[in-house]
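Visitor: Before I ask anything, here is the structure I am working with.
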Amino acid sequence: MNAQGSVPESARRYALRRALFRFSQSGLSLVGLALVVTLLMIAVFGPSLAPYPEHLGGAVNTAARFRPPSLAHPFGTNELGQDVFSLVLGGTRVSVLAGLAVVMLGTLIGTVVGAIAGYAGGWTDEILMRISDLKLTVPGLILAMAVAAALGPGILNMVIAIALSWWPGYARLVRGEVMAKKEELFVTAARAIGAGPGRILFRHILPNILTPVIVKMSLDMGFAILTVASLGFIGIGVKPPTPEWGSLLSVARGYMPDYWWTAIFPGLAIFTAVFGFNLLGDGLRDVFDPKARR
Amino acid sequence: MASQTVPPLLDIRDLHLTMKSFDGEAHVLNGIDLTVNRGEIWGLVGETGCGKSLTGLSISRLVSTPPARYARGEIRFEGEDVLKLSESAMQRLRGRHIGMIFQDPTTNLNPSFRIGEQLVDVALAAGRHSPEILGLEARASSSARRMAARALAETMLDKVGIPNAAQRLDDYPHQFSGGMRQRVLIAMALIGRPALLVADEPTTALDVSVQAQVLRLLTGMVQEYAMGVLLITHNLGVVAETCSHVAVMYAGNIVERGPVASVLAAPAHPYTTALLAAIPTRGVKRGDLKGLAGTVPNLIQPPPGCRFAPRCALAGPDCRADVPPMIELGAGHGAACLRVASQTEAA
Amino acid sequence: MLEIENVSKVFPGRRSLFGKSEPVVALDQVSLSVRKGGCFGLVGESGSGKTTLTRSILRLDVPTSGRILFEGQDLASLSPAALRHIRARIQIVFQDPYASLNPRMSVHDIVAEPLVIHRDVMGLDNRQRTDRAVELLALVGLGAQHLHRYPHEFSGGQRQRIGIARALATNPDLILLDEPTSALDVSVQAQVLNLLIDLQDRLSLTYLFISHDLGVIRYVCDEIALIWRGKIVEKGQTAAVFDNPASEYARMLIAAMPEVRSAATRE
Amino acid sequence: MLHFILRRLVLIVPVLFGLTALVFAIARLLPGDPVALAAGPNATPAEIAAYGKEFGLDRPLIVQYGAYLSGLMKGDFGVSIYTRRPVIEDLRAYLPATLELVFAAMFLAIAIGIPAGLAAAAWRDKWPDYLSRVVALGSISMPRFFLGLLLQLLFAMWLGWLPLGGRFPITEDPPALVTGFLTLDALIARDFTAFSIACQHLVMPAIAMSLSPLATIMRMMRASTLEVMQQDYVLTERALGLSSRLIMLKYVSRNAISATLTVIGLYFGWLLGGTVLVETIFDWPGLGLYATKAVVTQDFMPVIGVTLVIGTLFVFANFAVDLLYGVINPKVRTE
């Protein structure tokens, strides 16, 4: 209402401008944004940036095993004489891609289930939510391990394994939001003028719950990357020689404490990536979620 | 002789308050002048966003700064400017000297605590610097204080008309009806025996039948304790039936003030007149109400001069030049309108 | 036009975490009859059952017993298709103009939505719907420049006008006004009340006006009924009820009304 | 109240039943041939078949499930096809270790998270708030296995202050078994040497485990405290002269904690399942380590057993939180 009288501006533009302003007020969120952008760039261009691209394909150099960090090898070399810096750069793509796929898949399944449960209510809700409860009670990592172990290694299998334990979170969120919005007066108004369920759900409810879902997705990206790395660490993940942060760290564990660099740098890479997404997601939540905003 | 020098209970002078937001700094209070004495019940009326609630909150300094900023002016309580007090001195005033009641009785009591506990804590806070409230010596033990506070809580609950006060102290807020909760809140506001009560829309959330009872209770208590009251409301009917004086606010200004009978019977400011003409009172024929055209001004870039001028039928270029001063019409009745001035000069 | 015959609504006790609560009788044998072209006022305080009654008329709730007839047709006996047709002819304006408009829809989409939903009856194409939306906005005193704005850009009074425009979209015969001005300031309330009166005269509408505010009801309505704890306690011509209230409840309510005039006459 | 407890207890049964079905289905329907794996690389097809027959794996799945369920009724969780040990014995040995770790981590998380969250809210937009935000985001971003590694590198390998892993050295005498929690058992036996040894082993894994619940509890506590601080009743409390100390520590915190409670319940279950990584790193003889070994060899009976135990504990943890919520919230309690 405050915009009234001043230069006419569409409400969306105004809301966006306001959100951008709020976002840019927070230094931490900007750091997160920068980290995420860098990460995405590395994921796209990583292999071509690597000083020793041949190591990404599995080439070894036994003459240069366990070199400590130096100018030639900023992160040192590993037990096969491979450049750790190149491997870390190359591992970005797997982590980011897999994380993205997990979140997308989880959101898709979760939103469909949650929307149906929240809107239909009654028995449908009861059954769908009990199924999602079941998924919550089964420890996600063990479930993912079991599925991944049975399906065999590979990115796709890993993504499926993680997404299977991922969707209930979205289902609960969407269900709760749908149920809250269902009680809103404007939904009652739509029902009063004769709108059918499809129209109410897609035109009136879902557009109004988009923001919390997007915020959760951005927060979950970091967590998904973490889970991917965890599976890699346990030894269920991508097939070697594809470099992956978790498995790099797992191999390096055996060479502690003398060759610490082989473990520290992949670990830091995981941390930085996850941290970036969390900073970004937290900033987005501050901007979009009026409850957490204050 | 001493009565000459006793300062008024509440004396707000030229209070300016701005509020920062993403869109800019809004001038929400634009030079408020208001004096409340003991025994007076002032109605502060106005429409949404006129600044009446912020005025009330400012008296107990409960507006967070930032985003708010007191640009100018003072709020003197018994002669002392509360805007200059330290936070701990302010805390001593709250509850003990200035009581407050807010609109919604369902949200103003803490749902997780028994009402007795909440009353006792308020009484203890008030009794910390004035043990006489609890009827105790300054050096009384803390258990003695607690017992006295509980006894006082029971008395107050009884006074506001809650049956079985002793037992109900142990009930939780949700076990009371809306009207009863507002009574509990009145007891809480008055347990420290404040000299000034600020009541912000105390009956708006209540049903009409309950509203009348609560207002009667409130006026009775005020007379018994000889308090001064600032009753903030949007309802002129409530003002007419409860208050001795009224101040009408529009867009951050008090545009008219004076004794209720005089202001409501002979409104001088065009805004007051318009407000009264918009109320569906007895005898108004279907279709005869007068709405007020236009909208409330944008307070970030308020119109120059009289803020009501853009919506005023009588306004001329002179109205848009300067903020009109308060023109005294006798017996404490005043209106901030240049047209009133020309009328009185002509007369 | 609208006949409400012995309608009762009992909500079964809700099963909560810690046991079962008592069933709630929201409406108890309510009978009303709204005359075509009239403005019928229903007065009640919170919890009196007036909201349940509106929801029942709109078939958002189904009464436990009794019948609701619209132009002689029992709403309960209608097929879903027939009910949809009736829906186009009974519209509602809600109390809260802030919550009753979808924040993500433009004014155009809000006002045109009933036309889309009832396009089989209305038979308008896209272009015509936009024209109709402009026409409706003009009817409630808003300019076409507002068409592509969003609800949060409007003041409470303007939003309520948008809500009224939406209710008028399908040329309804009966409009339920559920506390349409309670959330508004008096000066705006007067404008909206006058708009409603004007629209009723021009479009020959029938109103069922629900409010807790006796002053507003007295101003707008020709017939009134008082509802208290789910029961109708008094019914009659507005003037008659105010001058000679028959029930204890009506007397108490009228006495409790805060009136401005009383100040002038008090001293 | 009693009625409520009984109702909830009855509702738990179908959930647990569903859990067994689900886990059984996942473990048995997925591709992979555990028998071939267990029988060894040199086994002939006939040997493999015989091996499968020994464990009843040649029967239809539904029969296997029925047999498993009837075994469960008698407390029989099946037999590992690898070690041929009854799963129940392993569970009995490993569960207390995991629980001890989870309780220690949860204790750390609650004891630090709740006051820190309250402080962050009280000093919103001041340095305690920023600090808590960075710490919280850093904590959830830190992979537990990496943190574990760093802790080992620093405290065990370089400084040599703490043992690298394990729960209790074989060279020392463990305290008499009472609760299964070594720290508690040592205290009960008044064996302070054993207590100190147990603590030294517990501290690093507990810290590594506690990080992410600590962060979440802290953030949740901050958010709910801020939300409570916005409530009308807090304004009333301030307006009537209560000190900000009293308001924060008494009136605000109780409401905020009850909102945070749900998260704590959820996290308890999550931690139980999340011990895998930390137990692997620190060689902690618990369910996670046990499950990991079983998963890698596709030894499904232990996997089902572990999942079932953790699922059951999770369900009961949530049930306990619901109860506690009812006790804290007077509206639920008095109705």
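Quick note on naming: the chains in the structure tokens go A, B, ... in the order shown, residues restart at 1 in each chain, and ligands are numbered from 1 in order of appearance.
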Find the residues of chain C that sit at most 7 Å from chain B; for each, write down the nearest two atoms and how far apart they are in Å, to one decimal. Count only C-alpha atoms. Sort by chain, then by number going up, and give it as a tab-separated table.
Guide:
residue	atom	partner	partner_atom	distance
C:Glu45	CA	B:Asp207	CA	5.9
C:Ser46	CA	B:Asp207	CA	6.8
C:Asp185	CA	B:Glu47	CA	5.8
C:Val186	CA	B:Ala278	CA	6.1
C:Ser187	CA	B:Gly291	CA	5.0
C:Val188	CA	B:Gly291	CA	6.2
C:Ala190	CA	B:Gly291	CA	4.7
C:Gln191	CA	B:Gly291	CA	4.5
C:Asn194	CA	B:Gly287	CA	5.6
C:Ile197	CA	B:Gly287	CA	6.7
C:Gly215	CA	B:Pro280	CA	5.6
C:Val216	CA	B:Pro280	CA	6.0
C:Tyr219	CA	B:Arg286	CA	5.6
C:Val220	CA	B:Arg286	CA	6.0
C:Leu253	CA	B:Ser209	CA	6.0
C:Ala256	CA	B:Ala212	CA	5.6
C:Met257	CA	B:Val208	CA	6.6
C:Pro258	CA	B:Gly237	CA	4.5
C:Glu259	CA	B:Gly237	CA	4.5
C:Val260	CA	B:Gly237	CA	4.4
C:Ser262	CA	B:Ala240	CA	6.6
C:Ala263	CA	B:Ala240	CA	4.8
C:Ala264	CA	B:Ala265	CA	5.4
Visitor: Give the residues of chain C that lie within 7 Å of chain A; count only C-alpha atoms, and format the answer as a ChimeraX atom specification.
Guide: /C:58,84,87-88,91,99-102,104,114,117,149-150,152-155
Visitor: Could the residues of chain B within 9 Å of chain D, counting only C-alpha atoms, be given as an MDAnalysis selection string, please?
Guide: chainID B and resid 57 60:62 88 90:96 98:102 104 107:114 118 121:122 124:126 172:175 185 188:189 192
Visitor: Excluding Leu32 of chain C and its own-chain neighbours fewer than 6 positions away, which residues fall within 10 Å of it when counting only C-alpha atoms? Please give them as a list in words.
Guide: Leu2, Glu3, Ile4, Glu5, Asn6, Val7, Phe40, Leu42, Ile68, Ile224, Ala225, Ile232 and Lys235 of chain C
Visitor: Can you measure atom CA of Val278 of chain D to atom CA of Trp166 of chain A for me? One decimal in Å is fine.
Guide: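 Taking atom CA of Val278 of chain D as the start and atom CA of Trp166 of chain A as the end point, the length is 21.0 Å.
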Visitor: Counting only C-alpha atoms, figure out which residue out of A:Val274, A:Ala19, A:Val238, A:Val138 gets nearest to chain B.
Guide: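 Comparing A:Val274, A:Ala19, A:Val238, A:Val138 against chain B, the winner is A:Ala19.
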Visitor: So that I can check the surroundings of segment 21-26 of chain A, please list as JSON, numbers by chain every protein, DNA and RNA residue that reaches within 12 Å of it, counting only C-alpha atoms and ignoring chain neighbours fewer than 3 positions away.
Guide: {"A": [14, 15, 16, 17, 18, 29, 30, 31, 32, 33, 34, 279, 280, 281, 282, 283, 284, 285, 286, 287, 288, 293, 294], "B": [21, 22, 23], "D": [125, 130, 133]}
Visitor: Any chance you could export the current selection's N, CA and C atoms as a compact mmCIF listing (two decimals), in the first residue's frame?
Guide:
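Done, and the output landed in out-v6.txt:
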# COMPACT_ATOMS: atom_id res chain seq x y z
N TYR A 14 8.11 -5.14 -7.28
CA TYR A 14 8.36 -4.48 -6.01
C TYR A 14 8.80 -5.50 -4.96
N ALA A 15 8.07 -6.61 -4.90
CA ALA A 15 8.40 -7.64 -3.91
C ALA A 15 9.81 -8.18 -4.17
N LEU A 16 10.15 -8.35 -5.43
CA LEU A 16 11.45 -8.88 -5.79
C LEU A 16 12.56 -7.91 -5.40
N ARG A 17 12.30 -6.62 -5.70
CA ARG A 17 13.29 -5.60 -5.40
C ARG A 17 13.55 -5.55 -3.90
N ARG A 18 12.44 -5.65 -3.15
CA ARG A 18 12.52 -5.64 -1.71
C ARG A 18 13.31 -6.83 -1.20
N SER A 29 24.96 -14.07 3.50
CA SER A 29 24.21 -14.61 2.37
C SER A 29 24.97 -14.36 1.07
N LEU A 30 25.60 -13.20 0.97
CA LEU A 30 26.35 -12.89 -0.24
C LEU A 30 27.55 -13.81 -0.38
N VAL A 31 28.21 -14.10 0.75
CA VAL A 31 29.31 -15.06 0.72
C VAL A 31 28.80 -16.40 0.20
N GLY A 32 27.64 -16.81 0.72
CA GLY A 32 27.04 -18.06 0.28
C GLY A 32 26.78 -18.06 -1.22
N LEU A 33 26.22 -16.95 -1.70
CA LEU A 33 25.92 -16.85 -3.13
C LEU A 33 27.20 -16.98 -3.94
N ALA A 34 28.25 -16.29 -3.49
CA ALA A 34 29.53 -16.33 -4.21
C ALA A 34 30.07 -17.76 -4.23
N LEU A 279 24.60 -21.27 3.62
CA LEU A 279 24.56 -19.82 3.77
C LEU A 279 23.51 -19.22 2.84
N LEU A 280 23.54 -19.68 1.61
CA LEU A 280 22.58 -19.17 0.63
C LEU A 280 21.15 -19.49 1.05
N GLY A 281 20.93 -20.74 1.42
CA GLY A 281 19.58 -21.15 1.79
C GLY A 281 19.09 -20.40 3.02
N ASP A 282 19.98 -20.22 3.99
CA ASP A 282 19.61 -19.50 5.20
C ASP A 282 19.24 -18.05 4.87
N GLY A 283 20.03 -17.45 3.96
CA GLY A 283 19.72 -16.08 3.56
C GLY A 283 18.38 -16.00 2.84
N LEU A 284 18.13 -16.96 1.96
CA LEU A 284 16.85 -16.98 1.25
C LEU A 284 15.70 -17.12 2.22
N ARG A 285 15.90 -17.98 3.22
CA ARG A 285 14.83 -18.16 4.18
C ARG A 285 14.56 -16.86 4.94
N ASP A 286 15.61 -16.17 5.30
CA ASP A 286 15.43 -14.89 5.98
C ASP A 286 14.60 -13.95 5.14
N VAL A 287 14.83 -13.98 3.83
CA VAL A 287 14.14 -13.04 2.97
C VAL A 287 12.69 -13.46 2.74
N PHE A 288 12.48 -14.77 2.56
CA PHE A 288 11.17 -15.19 2.09
C PHE A 288 10.25 -15.70 3.18
N ARG A 293 12.01 -14.55 9.61
CA ARG A 293 12.66 -13.32 9.17
C ARG A 293 13.19 -12.47 10.32
N ARG A 294 12.32 -12.25 11.31
CA ARG A 294 12.62 -11.30 12.36
C ARG A 294 14.04 -11.30 12.87
N SER B 21 11.30 2.24 7.19
CA SER B 21 10.95 0.98 6.53
C SER B 21 11.70 0.94 5.21
N PHE B 22 11.47 -0.14 4.46
CA PHE B 22 12.15 -0.29 3.19
C PHE B 22 11.82 0.87 2.25
N ASP B 23 10.57 1.39 2.37
CA ASP B 23 10.14 2.43 1.44
C ASP B 23 10.66 3.81 1.81
N ASP D 125 20.73 -9.81 16.10
CA ASP D 125 21.47 -8.86 15.26
C ASP D 125 22.67 -8.24 15.96
N TYR D 130 25.22 -13.34 15.40
CA TYR D 130 26.03 -13.64 14.22
C TYR D 130 26.91 -14.85 14.47
N ARG D 133 25.03 -17.96 14.38
CA ARG D 133 24.60 -18.30 13.03
C ARG D 133 25.75 -18.95 12.24
Visitor: Counting only C-alpha atoms, which residues of chain B come no farther than 10 Å from chain A, as a PDB file with N, CA and C atoms, in the first residue's frame?
Guide:
ATOM      1  N   PHE B  22      11.472  -0.142   4.461  1.00  0.00           N
ATOM      2  CA  PHE B  22      12.151  -0.294   3.191  1.00  0.00           C
ATOM      3  C   PHE B  22      11.820   0.870   2.252  1.00  0.00           C
ATOM      4  N   ASP B  23      10.572   1.386   2.365  1.00  0.00           N
ATOM      5  CA  ASP B  23      10.139   2.431   1.437  1.00  0.00           C
ATOM      6  C   ASP B  23      10.655   3.806   1.812  1.00  0.00           C
ATOM      7  N   GLY B  24      11.158   3.949   3.018  1.00  0.00           N
ATOM      8  CA  GLY B  24      11.642   5.251   3.445  1.00  0.00           C
ATOM      9  C   GLY B  24      11.223   5.516   4.873  1.00  0.00           C
ATOM     10  N   ALA B  26       8.803   7.090   7.492  1.00  0.00           N
ATOM     11  CA  ALA B  26       7.446   7.623   7.584  1.00  0.00           C
ATOM     12  C   ALA B  26       7.339   8.539   8.802  1.00  0.00           C
ATOM     13  N   PRO B 297      -3.270   9.841   3.711  1.00  0.00           N
ATOM     14  CA  PRO B 297      -2.068  10.234   2.974  1.00  0.00           C
ATOM     15  C   PRO B 297      -0.893   9.302   3.251  1.00  0.00           C
ATOM     16  N   ASN B 298      -0.002   9.251   2.305  1.00  0.00           N
ATOM     17  CA  ASN B 298       1.257   8.542   2.430  1.00  0.00           C
ATOM     18  C   ASN B 298       2.141   9.297   3.427  1.00  0.00           C
ATOM     19  N   LEU B 299       2.526   8.623   4.508  1.00  0.00           N
ATOM     20  CA  LEU B 299       3.241   9.337   5.572  1.00  0.00           C
ATOM     21  C   LEU B 299       4.741   9.454   5.303  1.00  0.00           C
ATOM     22  N   ILE B 300       5.195   8.809   4.225  1.00  0.00           N
ATOM     23  CA  ILE B 300       6.610   8.961   3.876  1.00  0.00           C
ATOM     24  C   ILE B 300       6.839  10.309   3.198  1.00  0.00           C
ATOM     25  N   GLN B 301       5.901  10.653   2.336  1.00  0.00           N
ATOM     26  CA  GLN B 301       5.923  12.009   1.767  1.00  0.00           C
ATOM     27  C   GLN B 301       4.578  12.668   2.081  1.00  0.00           C
TER      28      GLN B 301
END
Visitor: Select, as a PDB file with all heavy atoms, in the first residue's frame, those residues of chain A with any atom no more than 6 Å from chain D (distances computed using only C-alpha atoms).
Guide:
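Now in selection-v8.pdb:
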ATOM      1  N   THR A 137      11.108 -43.311   9.736  1.00  0.00           N
ATOM      2  CA  THR A 137      11.621 -44.127  10.831  1.00  0.00           C
ATOM      3  C   THR A 137      12.785 -45.000  10.378  1.00  0.00           C
ATOM      4  O   THR A 137      13.612 -45.387  11.172  1.00  0.00           O
ATOM      5  CB  THR A 137      10.535 -45.045  11.411  1.00  0.00           C
ATOM      6  OG1 THR A 137       9.974 -45.794  10.332  1.00  0.00           O
ATOM      7  CG2 THR A 137       9.455 -44.283  12.106  1.00  0.00           C
ATOM      8  N   VAL A 138      12.810 -45.320   9.073  1.00  0.00           N
ATOM      9  CA  VAL A 138      13.947 -46.096   8.595  1.00  0.00           C
ATOM     10  C   VAL A 138      15.123 -45.147   8.445  1.00  0.00           C
ATOM     11  O   VAL A 138      15.019 -44.154   7.745  1.00  0.00           O
ATOM     12  CB  VAL A 138      13.634 -46.731   7.235  1.00  0.00           C
ATOM     13  CG1 VAL A 138      14.825 -47.510   6.737  1.00  0.00           C
ATOM     14  CG2 VAL A 138      12.427 -47.615   7.341  1.00  0.00           C
ATOM     15  N   PRO A 139      16.207 -45.412   9.144  1.00  0.00           N
ATOM     16  CA  PRO A 139      17.344 -44.499   9.044  1.00  0.00           C
ATOM     17  C   PRO A 139      17.762 -44.314   7.589  1.00  0.00           C
ATOM     18  O   PRO A 139      18.045 -45.292   6.896  1.00  0.00           O
ATOM     19  CB  PRO A 139      18.419 -45.166   9.875  1.00  0.00           C
ATOM     20  CG  PRO A 139      17.897 -46.496  10.270  1.00  0.00           C
ATOM     21  CD  PRO A 139      16.450 -46.506  10.083  1.00  0.00           C
ATOM     22  N   ALA A 146      21.636 -49.741   1.838  1.00  0.00           N
ATOM     23  CA  ALA A 146      21.086 -51.028   1.431  1.00  0.00           C
ATOM     24  C   ALA A 146      20.717 -50.985  -0.048  1.00  0.00           C
ATOM     25  O   ALA A 146      21.068 -51.889  -0.822  1.00  0.00           O
ATOM     26  CB  ALA A 146      19.870 -51.373   2.287  1.00  0.00           C
ATOM     27  N   ALA A 150      22.657 -52.954  -3.084  1.00  0.00           N
ATOM     28  CA  ALA A 150      21.960 -53.945  -3.884  1.00  0.00           C
ATOM     29  C   ALA A 150      21.972 -53.575  -5.362  1.00  0.00           C
ATOM     30  O   ALA A 150      22.090 -54.432  -6.224  1.00  0.00           O
ATOM     31  CB  ALA A 150      20.528 -54.084  -3.389  1.00  0.00           C
ATOM     32  N   GLY A 267      38.150 -33.092   2.160  1.00  0.00           N
ATOM     33  CA  GLY A 267      37.239 -32.786   3.265  1.00  0.00           C
ATOM     34  C   GLY A 267      36.835 -31.328   3.257  1.00  0.00           C
ATOM     35  O   GLY A 267      35.660 -30.982   3.389  1.00  0.00           O
ATOM     36  N   PHE A 271      33.144 -29.509   2.870  1.00  0.00           N
ATOM     37  CA  PHE A 271      32.680 -28.517   3.838  1.00  0.00           C
ATOM     38  C   PHE A 271      32.321 -27.201   3.149  1.00  0.00           C
ATOM     39  O   PHE A 271      31.270 -26.622   3.375  1.00  0.00           O
ATOM     40  CB  PHE A 271      33.749 -28.284   4.907  1.00  0.00           C
ATOM     41  CG  PHE A 271      33.416 -27.163   5.849  1.00  0.00           C
ATOM     42  CD1 PHE A 271      32.441 -27.317   6.818  1.00  0.00           C
ATOM     43  CD2 PHE A 271      34.071 -25.937   5.746  1.00  0.00           C
ATOM     44  CE1 PHE A 271      32.126 -26.288   7.666  1.00  0.00           C
ATOM     45  CE2 PHE A 271      33.754 -24.902   6.601  1.00  0.00           C
ATOM     46  CZ  PHE A 271      32.787 -25.078   7.566  1.00  0.00           C
ATOM     47  N   VAL A 274      29.087 -27.439   0.981  1.00  0.00           N
ATOM     48  CA  VAL A 274      27.879 -27.530   1.790  1.00  0.00           C
ATOM     49  C   VAL A 274      27.624 -26.211   2.512  1.00  0.00           C
ATOM     50  O   VAL A 274      26.503 -25.715   2.575  1.00  0.00           O
ATOM     51  CB  VAL A 274      28.013 -28.689   2.801  1.00  0.00           C
ATOM     52  CG1 VAL A 274      26.772 -28.788   3.660  1.00  0.00           C
ATOM     53  CG2 VAL A 274      28.245 -29.991   2.070  1.00  0.00           C
ATOM     54  N   PHE A 275      28.683 -25.623   3.017  1.00  0.00           N
ATOM     55  CA  PHE A 275      28.582 -24.354   3.736  1.00  0.00           C
ATOM     56  C   PHE A 275      27.995 -23.274   2.823  1.00  0.00           C
ATOM     57  O   PHE A 275      27.114 -22.507   3.224  1.00  0.00           O
ATOM     58  CB  PHE A 275      29.970 -23.945   4.219  1.00  0.00           C
ATOM     59  CG  PHE A 275      29.974 -22.855   5.259  1.00  0.00           C
ATOM     60  CD1 PHE A 275      29.138 -22.907   6.355  1.00  0.00           C
ATOM     61  CD2 PHE A 275      30.836 -21.773   5.137  1.00  0.00           C
ATOM     62  CE1 PHE A 275      29.158 -21.908   7.315  1.00  0.00           C
ATOM     63  CE2 PHE A 275      30.860 -20.767   6.090  1.00  0.00           C
ATOM     64  CZ  PHE A 275      30.021 -20.839   7.179  1.00  0.00           C
ATOM     65  N   ALA A 292      10.650 -16.787   9.980  1.00  0.00           N
ATOM     66  CA  ALA A 292      12.047 -16.838  10.408  1.00  0.00           C
ATOM     67  C   ALA A 292      12.729 -15.491  10.218  1.00  0.00           C
ATOM     68  O   ALA A 292      13.867 -15.319  10.610  1.00  0.00           O
ATOM     69  CB  ALA A 292      12.783 -17.905   9.614  1.00  0.00           C
TER      70      ALA A 292
END
Visitor: Nearest to chain C: which of D:Ala119, D:Ala21, D:Leu323, D:Ile12 is it, counting only C-alpha atoms?
Guide: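 The shortest atom-to-atom distance to chain C comes from D:Leu323.
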Visitor: Quick one: residues within 10 Å of Ala97 of chain D, only C-alpha atoms counted, chain neighbours fewer than 3 positions away excluded, as a tab-separated table (two decimals) with N, CA and C atoms, in the first residue's frame?
Guide:
chain	number	residue	atom	x	y	z
D	92	ARG	N	22.06	-57.19	21.01
D	92	ARG	CA	22.18	-56.99	22.45
D	92	ARG	C	23.59	-56.44	22.79
D	93	ALA	N	24.55	-56.87	22.05
D	93	ALA	CA	25.92	-56.42	22.34
D	93	ALA	C	26.15	-55.00	21.84
D	94	TYR	N	25.58	-54.66	20.66
D	94	TYR	CA	25.93	-53.39	20.05
D	94	TYR	C	25.00	-52.23	20.41
D	100	GLU	N	24.55	-45.23	24.12
D	100	GLU	CA	25.40	-44.39	24.97
D	100	GLU	C	25.95	-43.21	24.18
D	101	LEU	N	26.38	-43.51	22.96
D	101	LEU	CA	26.91	-42.47	22.09
D	101	LEU	C	25.84	-41.43	21.76
D	102	VAL	N	24.64	-41.92	21.40
D	102	VAL	CA	23.56	-41.01	21.02
D	102	VAL	C	23.14	-40.15	22.20
D	167	ARG	N	36.05	-48.45	22.09
D	167	ARG	CA	35.18	-48.04	23.17
D	167	ARG	C	35.82	-48.28	24.53
D	180	GLY	N	24.80	-51.41	30.64
D	180	GLY	CA	25.36	-51.54	29.30
D	180	GLY	C	26.06	-50.27	28.87
D	181	PHE	N	25.81	-49.16	29.60
D	181	PHE	CA	26.52	-47.92	29.32
D	181	PHE	C	27.79	-47.95	30.16
D	182	LEU	N	28.96	-47.96	29.51
D	182	LEU	CA	30.19	-48.13	30.27
D	182	LEU	C	30.40	-47.01	31.28
D	202	LEU	N	34.75	-41.85	24.72
D	202	LEU	CA	33.44	-41.37	24.29
D	202	LEU	C	33.49	-39.95	23.73
D	279	GLU	N	30.70	-44.17	13.85
D	279	GLU	CA	31.16	-45.46	14.38
D	279	GLU	C	32.23	-46.05	13.48
D	284	TRP	N	33.78	-47.61	16.70
D	284	TRP	CA	32.93	-47.73	17.88
D	284	TRP	C	32.02	-48.93	17.69
D	285	PRO	N	32.08	-49.90	18.58
D	285	PRO	CA	31.37	-51.16	18.34
D	285	PRO	C	29.86	-51.01	18.54
D	286	GLY	N	29.20	-50.34	17.65
D	286	GLY	CA	27.77	-50.11	17.80
D	286	GLY	C	27.00	-50.63	16.60
D	287	LEU	N	25.72	-50.29	16.59
D	287	LEU	CA	24.82	-50.79	15.54
D	287	LEU	C	25.24	-50.31	14.16
Visitor: Using only C-alpha atoms, pick whichever of D:Ala43, D:Ile5, D:Leu164, D:Met218 has the shortest atom-to-atom distance to chain C.
Guide: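 Ranking D:Ala43, D:Ile5, D:Leu164, D:Met218 by distance to chain C, first place goes to D:Ile5.
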